[in-house]
file run_31.txt (compact mmCIF, C-alpha atoms)
# COMPACT_ATOMS: atom_id res chain seq x y z
CA MET A 1 19.28 -3.13 20.03
CA CYS A 2 15.57 -2.36 19.87
CA VAL A 3 14.52 -0.68 16.63
CA THR A 4 11.08 0.90 16.66
CA ALA A 5 8.76 1.05 13.67
CA VAL A 6 9.25 4.80 13.41
CA GLU A 7 13.03 4.40 13.43
CA SER A 8 12.90 1.73 10.72
CA ARG A 9 10.75 3.62 8.20
CA PRO A 10 12.34 4.32 4.81
CA ALA A 11 14.95 7.07 4.94
CA GLY A 12 13.48 10.48 4.23
CA ALA A 13 9.86 9.36 4.44
CA LEU A 14 9.17 11.56 7.46
CA THR A 15 11.77 14.28 7.22
CA SER A 16 11.37 15.61 3.68
CA ASN A 17 8.15 17.50 4.42
CA SER A 18 8.69 18.16 8.11
CA ARG A 19 11.96 20.01 7.47
CA GLY A 20 10.83 21.88 4.40
CA GLN A 21 7.84 24.03 3.64
CA ARG A 22 4.56 22.14 3.49
CA PRO A 23 2.31 23.65 0.78
CA PHE A 24 -1.12 24.79 1.97
CA GLY A 25 -3.00 22.84 -0.70
CA ALA A 26 -1.11 19.66 0.07
CA ARG A 27 -1.80 20.15 3.77
CA ILE A 28 -5.54 20.43 3.13
CA LYS A 29 -5.45 17.24 1.08
CA ALA A 30 -3.52 15.56 3.87
CA PHE A 31 -6.14 16.44 6.50
CA VAL A 32 -8.87 15.17 4.19
CA ALA A 33 -6.86 11.97 3.72
CA LEU A 34 -6.80 11.51 7.50
CA THR A 35 -10.56 10.96 7.39
CA LYS A 36 -10.24 8.10 4.81
CA PRO A 37 -13.04 9.40 2.52
CA ARG A 38 -13.35 6.20 0.47
CA ILE A 39 -14.11 4.15 3.58
CA ILE A 40 -16.64 6.74 4.74
CA GLU A 41 -18.45 6.48 1.39
CA LEU A 42 -19.19 2.86 2.26
CA LEU A 43 -20.44 3.81 5.72
CA LEU A 44 -22.86 6.35 4.22
CA ILE A 45 -24.11 3.74 1.75
CA THR A 46 -25.23 1.68 4.75
CA THR A 47 -26.74 4.68 6.58
CA VAL A 48 -28.95 6.55 4.10
CA PRO A 49 -30.94 3.57 2.71
CA VAL A 50 -31.86 2.54 6.24
CA MET A 51 -33.39 5.99 6.69
CA PHE A 52 -35.65 5.27 3.69
CA LEU A 53 -36.61 1.92 5.24
CA ALA A 54 -37.36 3.54 8.60
CA GLU A 55 -39.49 6.22 6.96
CA GLN A 56 -41.05 3.72 4.50
CA GLY A 57 -40.53 6.42 1.91
CA VAL A 58 -38.45 9.54 1.45
CA PRO A 59 -37.09 10.85 4.77
CA ASP A 60 -36.69 14.56 5.47
CA LEU A 61 -33.83 15.59 3.19
CA TRP A 62 -32.42 18.05 5.73
CA LEU A 63 -32.25 15.18 8.23
CA VAL A 64 -30.45 13.04 5.66
CA LEU A 65 -27.93 15.82 5.05
CA ILE A 66 -27.24 16.39 8.74
CA THR A 67 -26.98 12.65 9.40
CA CYS A 68 -24.51 12.24 6.53
CA LEU A 69 -22.45 15.21 7.72
CA GLY A 70 -22.43 13.97 11.30
CA GLY A 71 -21.54 10.48 10.15
CA TYR A 72 -18.69 11.77 7.99
CA LEU A 73 -17.25 13.86 10.83
CA SER A 74 -17.55 11.02 13.33
CA ALA A 75 -16.02 8.37 11.08
CA GLY A 76 -13.39 10.87 9.94
CA GLY A 77 -12.43 11.55 13.53
CA ALA A 78 -12.17 7.83 14.23
CA ASN A 79 -9.98 7.30 11.17
CA ALA A 80 -7.71 10.19 12.09
CA LEU A 81 -7.25 8.83 15.61
CA ASN A 82 -6.58 5.40 14.13
CA MET A 83 -3.80 6.88 11.99
CA TRP A 84 -2.40 8.74 14.99
CA TYR A 85 -2.13 5.53 17.03
CA ASP A 86 -0.96 3.34 14.13
CA ARG A 87 1.64 5.72 12.69
CA ASP A 88 4.46 3.38 13.73
CA ILE A 89 3.18 0.33 11.88
CA ASP A 90 1.89 2.43 8.97
CA ALA A 91 5.51 3.34 8.28
CA LEU A 92 6.36 -0.34 7.85
CA MET A 93 3.56 -1.25 5.46
CA GLU A 94 3.73 -0.47 1.76
CA ARG A 95 -0.01 0.16 1.44
CA THR A 96 0.08 2.79 4.22
CA SER A 97 3.52 4.29 3.65
CA GLN A 98 2.12 7.46 2.07
CA ARG A 99 -0.30 8.34 4.85
CA PRO A 100 0.03 11.94 6.10
CA LEU A 101 1.73 11.14 9.41
CA VAL A 102 4.27 8.86 7.78
CA THR A 103 5.23 11.44 5.16
CA GLY A 104 5.31 14.21 7.74
CA MET A 105 2.67 16.32 6.01
CA VAL A 106 0.70 16.29 9.29
CA SER A 107 2.31 16.07 12.72
CA PRO A 108 1.09 13.59 15.38
CA THR A 109 -0.14 16.44 17.59
CA GLU A 110 -2.06 18.03 14.74
CA CYS A 111 -3.63 14.68 13.89
CA LEU A 112 -4.64 14.03 17.51
CA VAL A 113 -6.24 17.46 17.91
CA PHE A 114 -7.96 17.08 14.53
CA GLY A 115 -9.40 13.67 15.41
CA ILE A 116 -10.65 14.70 18.85
CA SER A 117 -12.18 17.89 17.42
CA LEU A 118 -14.13 15.94 14.80
CA ALA A 119 -15.34 13.54 17.50
CA VAL A 120 -16.65 16.37 19.67
CA ILE A 121 -18.23 18.32 16.80
CA SER A 122 -19.95 15.25 15.34
CA THR A 123 -21.38 14.19 18.69
CA LEU A 124 -22.79 17.65 19.39
CA LEU A 125 -24.13 17.92 15.83
CA PHE A 126 -25.97 14.63 16.17
CA GLY A 127 -27.24 15.48 19.63
CA PHE A 128 -28.65 18.94 18.88
CA ALA A 129 -29.61 18.56 15.20
CA VAL A 130 -30.77 14.92 15.08
CA ASN A 131 -31.29 13.23 18.45
CA TRP A 132 -29.20 12.06 21.36
CA LEU A 133 -29.70 8.35 20.69
CA SER A 134 -27.96 8.82 17.35
CA ALA A 135 -25.28 10.94 19.05
CA TRP A 136 -24.43 8.22 21.58
CA LEU A 137 -24.44 5.53 18.88
CA SER A 138 -22.09 7.65 16.78
CA LEU A 139 -19.76 8.30 19.70
CA GLY A 140 -19.91 4.62 20.63
CA ALA A 141 -18.86 3.60 17.12
CA LEU A 142 -15.94 6.03 17.23
CA LEU A 143 -14.72 4.87 20.62
CA PHE A 144 -15.14 1.20 19.70
CA TYR A 145 -13.06 1.64 16.55
CA VAL A 146 -10.32 3.66 18.21
CA VAL A 147 -10.08 1.98 21.61
CA VAL A 148 -11.36 -1.57 21.20
CA TYR A 149 -10.18 -2.30 17.66
CA THR A 150 -7.15 -0.05 17.13
CA MET A 151 -5.65 0.01 20.61
CA ILE A 152 -6.68 -3.39 22.03
CA LEU A 153 -7.52 -5.97 19.36
CA LYS A 154 -5.60 -5.11 16.20
CA ARG A 155 -2.12 -5.97 17.44
CA ARG A 156 -3.12 -8.81 19.75
CA THR A 157 -5.48 -11.26 18.07
CA ALA A 158 -6.44 -12.71 14.70
CA GLN A 159 -10.05 -12.01 15.70
CA ASN A 160 -9.31 -8.28 15.47
CA ILE A 161 -11.37 -7.58 12.36
CA VAL A 162 -14.24 -9.83 13.51
CA TRP A 163 -15.02 -7.92 16.69
CA GLY A 164 -13.45 -4.64 15.65
CA GLY A 165 -15.83 -4.60 12.70
CA ILE A 166 -18.70 -3.85 15.09
CA ALA A 167 -17.82 -0.18 14.74
CA GLY A 168 -18.57 -0.36 11.03
CA CYS A 169 -21.94 -2.00 11.72
CA LEU A 170 -23.29 0.84 13.85
CA PRO A 171 -24.12 3.24 10.98
CA VAL A 172 -27.18 1.11 10.16
CA LEU A 173 -28.43 1.68 13.71
CA ILE A 174 -27.69 5.39 13.38
CA GLY A 175 -29.61 5.61 10.12
CA TRP A 176 -32.68 4.07 11.76
CA SER A 177 -32.45 6.02 15.00
CA SER A 178 -32.01 9.34 13.18
CA VAL A 179 -35.50 8.90 11.72
CA THR A 180 -37.32 7.11 14.54
CA ASN A 181 -35.31 8.00 17.68
CA SER A 182 -35.75 4.32 18.60
CA MET A 183 -34.57 0.81 17.73
CA SER A 184 -36.27 -2.09 15.95
CA TRP A 185 -35.49 -5.56 14.64
CA ALA A 186 -34.86 -4.23 11.11
CA PRO A 187 -31.67 -2.29 11.95
CA ILE A 188 -30.54 -5.12 14.24
CA ILE A 189 -30.83 -7.58 11.35
CA LEU A 190 -28.90 -5.23 9.09
CA PHE A 191 -26.32 -4.84 11.85
CA GLY A 192 -25.97 -8.63 11.68
CA VAL A 193 -25.55 -8.53 7.91
CA MET A 194 -22.70 -6.04 8.24
CA PHE A 195 -21.15 -7.96 11.14
CA PHE A 196 -20.91 -11.18 9.12
CA TRP A 197 -19.98 -9.22 5.97
CA THR A 198 -16.90 -7.56 7.47
CA PRO A 199 -14.53 -10.58 7.88
CA PRO A 200 -15.11 -12.07 4.39
CA HIS A 201 -14.83 -8.53 2.99
CA TYR A 202 -11.53 -7.76 4.68
CA TRP A 203 -9.77 -11.15 4.79
CA PRO A 204 -9.31 -11.38 1.00
CA LEU A 205 -7.52 -8.00 1.09
CA SER A 206 -5.46 -9.24 4.05
CA MET A 207 -4.52 -12.32 2.01
CA LYS A 208 -3.24 -10.04 -0.74
CA VAL A 209 -1.11 -7.88 1.58
CA LYS A 210 -0.31 -10.38 4.33
CA GLU A 211 3.42 -9.74 3.96
CA ASP A 212 2.75 -6.11 4.87
CA TYR A 213 0.90 -7.14 8.02
CA ALA A 214 3.56 -9.71 8.91
CA ARG A 215 6.28 -7.06 8.56
CA ALA A 216 4.37 -4.76 10.91
CA GLY A 217 3.61 -7.54 13.38
CA VAL A 218 -0.17 -7.30 12.97
CA PRO A 219 -1.74 -10.76 13.50
CA MET A 220 -4.37 -10.68 10.76
CA LEU A 221 -5.78 -14.16 10.17
CA PRO A 222 -4.05 -14.66 6.79
CA VAL A 223 -0.70 -13.96 8.49
CA LEU A 224 -1.24 -16.74 11.04
CA ALA A 225 -3.23 -19.30 9.04
CA SER A 226 -3.01 -20.95 5.64
CA ASN A 227 -5.08 -19.79 2.69
CA LYS A 228 -7.20 -22.91 3.05
CA VAL A 229 -8.11 -22.06 6.64
CA VAL A 230 -8.84 -18.42 5.79
CA ALA A 231 -10.99 -19.39 2.79
CA LYS A 232 -12.94 -21.86 4.92
CA GLN A 233 -13.69 -19.09 7.42
CA ILE A 234 -14.70 -16.76 4.57
CA VAL A 235 -17.21 -19.32 3.27
CA ALA A 236 -18.68 -19.89 6.74
CA TYR A 237 -19.21 -16.19 7.42
CA SER A 238 -20.58 -15.70 3.90
CA TRP A 239 -23.33 -18.30 4.33
CA VAL A 240 -24.42 -16.77 7.64
CA MET A 241 -24.38 -13.27 6.13
CA VAL A 242 -26.64 -14.27 3.24
CA ALA A 243 -29.00 -16.13 5.58
CA VAL A 244 -29.31 -13.12 7.90
CA SER A 245 -29.93 -10.78 4.95
CA LEU A 246 -33.06 -12.78 4.07
CA LEU A 247 -34.70 -12.30 7.47
CA LEU A 248 -36.14 -8.86 6.67
CA GLN A 249 -38.84 -10.16 4.33
CA PRO A 250 -40.46 -12.80 6.61
CA LEU A 251 -40.52 -10.26 9.44
CA GLY A 252 -42.44 -7.84 7.22
CA TYR A 253 -39.86 -5.09 6.80
CA THR A 254 -39.25 -5.57 3.07
CA GLY A 255 -41.03 -7.00 0.02
CA TRP A 256 -40.18 -8.95 -3.11
CA PHE A 257 -37.70 -6.47 -4.61
CA TYR A 258 -35.24 -6.45 -1.74
CA THR A 259 -35.52 -10.21 -1.35
CA ALA A 260 -34.80 -10.80 -5.03
CA VAL A 261 -31.74 -8.53 -4.98
CA ALA A 262 -30.46 -10.10 -1.74
CA LEU A 263 -30.85 -13.60 -3.20
CA LEU A 264 -29.11 -12.79 -6.48
CA ALA A 265 -26.30 -10.74 -4.96
CA GLY A 266 -25.86 -13.24 -2.14
CA GLY A 267 -25.83 -16.15 -4.56
CA PHE A 268 -23.06 -14.56 -6.60
CA TRP A 269 -21.14 -13.81 -3.40
CA LEU A 270 -21.32 -17.48 -2.39
CA TRP A 271 -20.17 -18.49 -5.87
CA GLU A 272 -17.10 -16.27 -5.51
CA ALA A 273 -16.43 -17.39 -1.93
CA HIS A 274 -16.54 -21.08 -2.84
CA GLY A 275 -14.40 -20.38 -5.90
CA LEU A 276 -11.76 -18.82 -3.65
CA GLN A 277 -11.97 -21.80 -1.30
CA ASN A 278 -11.54 -24.26 -4.19
CA ARG A 279 -8.46 -22.41 -5.42
CA ALA A 280 -7.04 -22.32 -1.89
CA LYS A 281 -7.65 -26.06 -1.48
CA ALA A 282 -5.79 -26.64 -4.74
CA GLU A 283 -2.92 -24.63 -3.22
CA VAL A 284 -3.10 -21.96 -5.89
CA THR A 285 -0.99 -18.94 -4.96
CA GLY A 286 -0.09 -15.55 -6.34
CA ALA A 287 -2.26 -13.78 -8.88
CA LYS A 288 -4.08 -17.00 -9.77
CA LEU A 289 -5.64 -17.15 -6.31
CA LYS A 290 -7.77 -14.15 -7.36
CA GLU A 291 -8.63 -13.25 -3.78
CA MET A 292 -9.30 -9.62 -4.71
CA ARG A 293 -12.27 -10.64 -6.85
CA LEU A 294 -14.24 -11.33 -3.68
CA PHE A 295 -12.97 -8.15 -2.05
CA HIS A 296 -14.18 -6.00 -4.95
CA TRP A 297 -17.47 -7.89 -5.20
CA SER A 298 -18.07 -7.39 -1.47
CA ILE A 299 -18.26 -3.63 -2.02
CA THR A 300 -20.63 -4.08 -4.95
CA TYR A 301 -22.72 -6.49 -2.88
CA VAL A 302 -23.25 -4.08 -0.03
CA SER A 303 -24.09 -1.28 -2.45
CA LEU A 304 -26.70 -3.38 -4.28
CA VAL A 305 -28.32 -4.72 -1.12
CA PHE A 306 -28.62 -1.32 0.55
CA VAL A 307 -29.85 0.40 -2.59
CA ALA A 308 -32.52 -2.31 -2.71
CA ILE A 309 -33.42 -1.45 0.89
CA ALA A 310 -34.01 2.17 -0.14
CA VAL A 311 -36.01 1.29 -3.26
CA ASP A 312 -38.13 -1.50 -1.75
CA PRO A 313 -40.60 0.73 0.20
CA PHE A 314 -41.72 2.31 -3.08
CA LEU A 315 -42.57 -1.07 -4.66
CA ARG A 316 -44.67 -2.53 -1.87
call {"tool": "encode", "arguments": {"input": "run_31.txt", "output": "structure tokens"}}
result
Amino acid sequence: MCVTAVESRPAGALTSNSRGQRPFGARIKAFVALTKPRIIELLLITTVPVMFLAEQGVPDLWLVLITCLGGYLSAGGANALNMWYDRDIDALMERTSQRPLVTGMVSPTECLVFGISLAVISTLLFGFAVNWLSAWLSLGALLFYVVVYTMILKRRTAQNIVWGGIAGCLPVLIGWSSVTNSMSWAPIILFGVMFFWTPPHYWPLSMKVKEDYARAGVPMLPVLASNKVVAKQIVAYSWVMVAVSLLLQPLGYTGWFYTAVALLAGGFWLWEAHGLQNRAKAEVTGAKLKEMRLFHWSITYVSLVFVAIAVDPFLR
């Protein structure tokens, strides 16, 4: 007998809200949850500072507001469509078992319409209020995340987060293009930083919840490889990420302040990455592996580096 993920979700997880009355306030919160606001915060952190770099000062604040709004709507639409497609495996994973489609607070049709609507609105907002280069980049990021990562890569290859992470790199290009309506080496370098940042950011979390991914049949690298192999990959990507982050200064885009922050933050990152590798080599498991230390630091790292990007033009 074939049992689908939806059929095997915990009893009552879907039916309790779908059969009863769904409170209006809870429904609003559920639709907001579909956009994954905490993830979008990180995307905006990599968008706004690049606008300061492109302007070499304070960009037009109305432009910043519209770019942030468009970015939120676009990323929110992508996240909603991701939840619509992944609702079967979300029901099998503990960390996603309370998402709105799994609990029944939002129906699949509502989620699909919501996600597509946000995609259309964000693209038109970018096109008419910012510029069409930013609009196409935003739409491209959404489609890459939904189609390439969610529908094609995620359930088929351990390289899913490596190439799927490209969608999360595009906000730096959008931040630059929203100010200049063009491209340059600076946003491309920062795209590279985010590209090499994504795997060592996400793999530690995947190590922590690999049983969840294994249960859902998602071939994240920590599910298929040992901790030693994963940690080795994390260290390799980390070194490249730090090296790429230091290219802005010799090319004349940043000065001493950004370089100092990138060196210090990158040095601490490498310390944590090698520490994780050493613990993995010693076959440490469980809480003592401390893989989440690198995950949490990765968020702090990106915040520090991009804040430095915004501040640097004022110190040159």
call {"tool": "closest_residue", "arguments": {"input": "run_31.txt", "among": "A:Ile116, A:Ala310, A:Ile89, A:Cys68", "to": "A:Arg155", "atoms": "all atoms listed in the file"}}
result
A:Ile89
call {"tool": "closest_atom_pairs", "arguments": {"input": "run_31.txt", "of": "stretch 129-177 of chain A", "to": "stretch 197-204 of chain A", "cutoff": "7 Å", "atoms": "all atoms listed in the file", "output": "JSON lines"}}
result
{"residue": "A:Ile161", "atom": "CA", "partner": "A:Pro199", "partner_atom": "CA", "distance": 6.2}
{"residue": "A:Val162", "atom": "CA", "partner": "A:Pro199", "partner_atom": "CA", "distance": 5.7}
{"residue": "A:Gly165", "atom": "CA", "partner": "A:Thr198", "partner_atom": "CA", "distance": 6.1}
call {"tool": "residues_around", "arguments": {"input": "run_31.txt", "residues": "A:Gly217", "least_positions_apart": "3", "cutoff": "12 Å", "atoms": "only C-alpha atoms", "output": "ChimeraX atom specification"}}
result
/A:4-5,86,88-90,92-93,154-158,210-214,220-221,223-224
call {"tool": "closest_residue", "arguments": {"input": "run_31.txt", "among": "A:Val311, A:Pro250, A:Thr67, A:Tyr301", "to": "A:Val48", "atoms": "all atoms listed in the file"}}
result
A:Thr67
call {"tool": "atom_distance", "arguments": {"input": "run_31.txt", "atom1": "atom CA of A:Ala262", "atom2": "atom CA of A:Leu289"}}
result
26.2 Å
call {"tool": "closest_residue", "arguments": {"input": "run_31.txt", "among": "A:Trp62, A:Trp176, A:Phe31, A:Phe144", "to": "A:Leu118", "atoms": "all atoms listed in the file"}}
result
A:Phe31
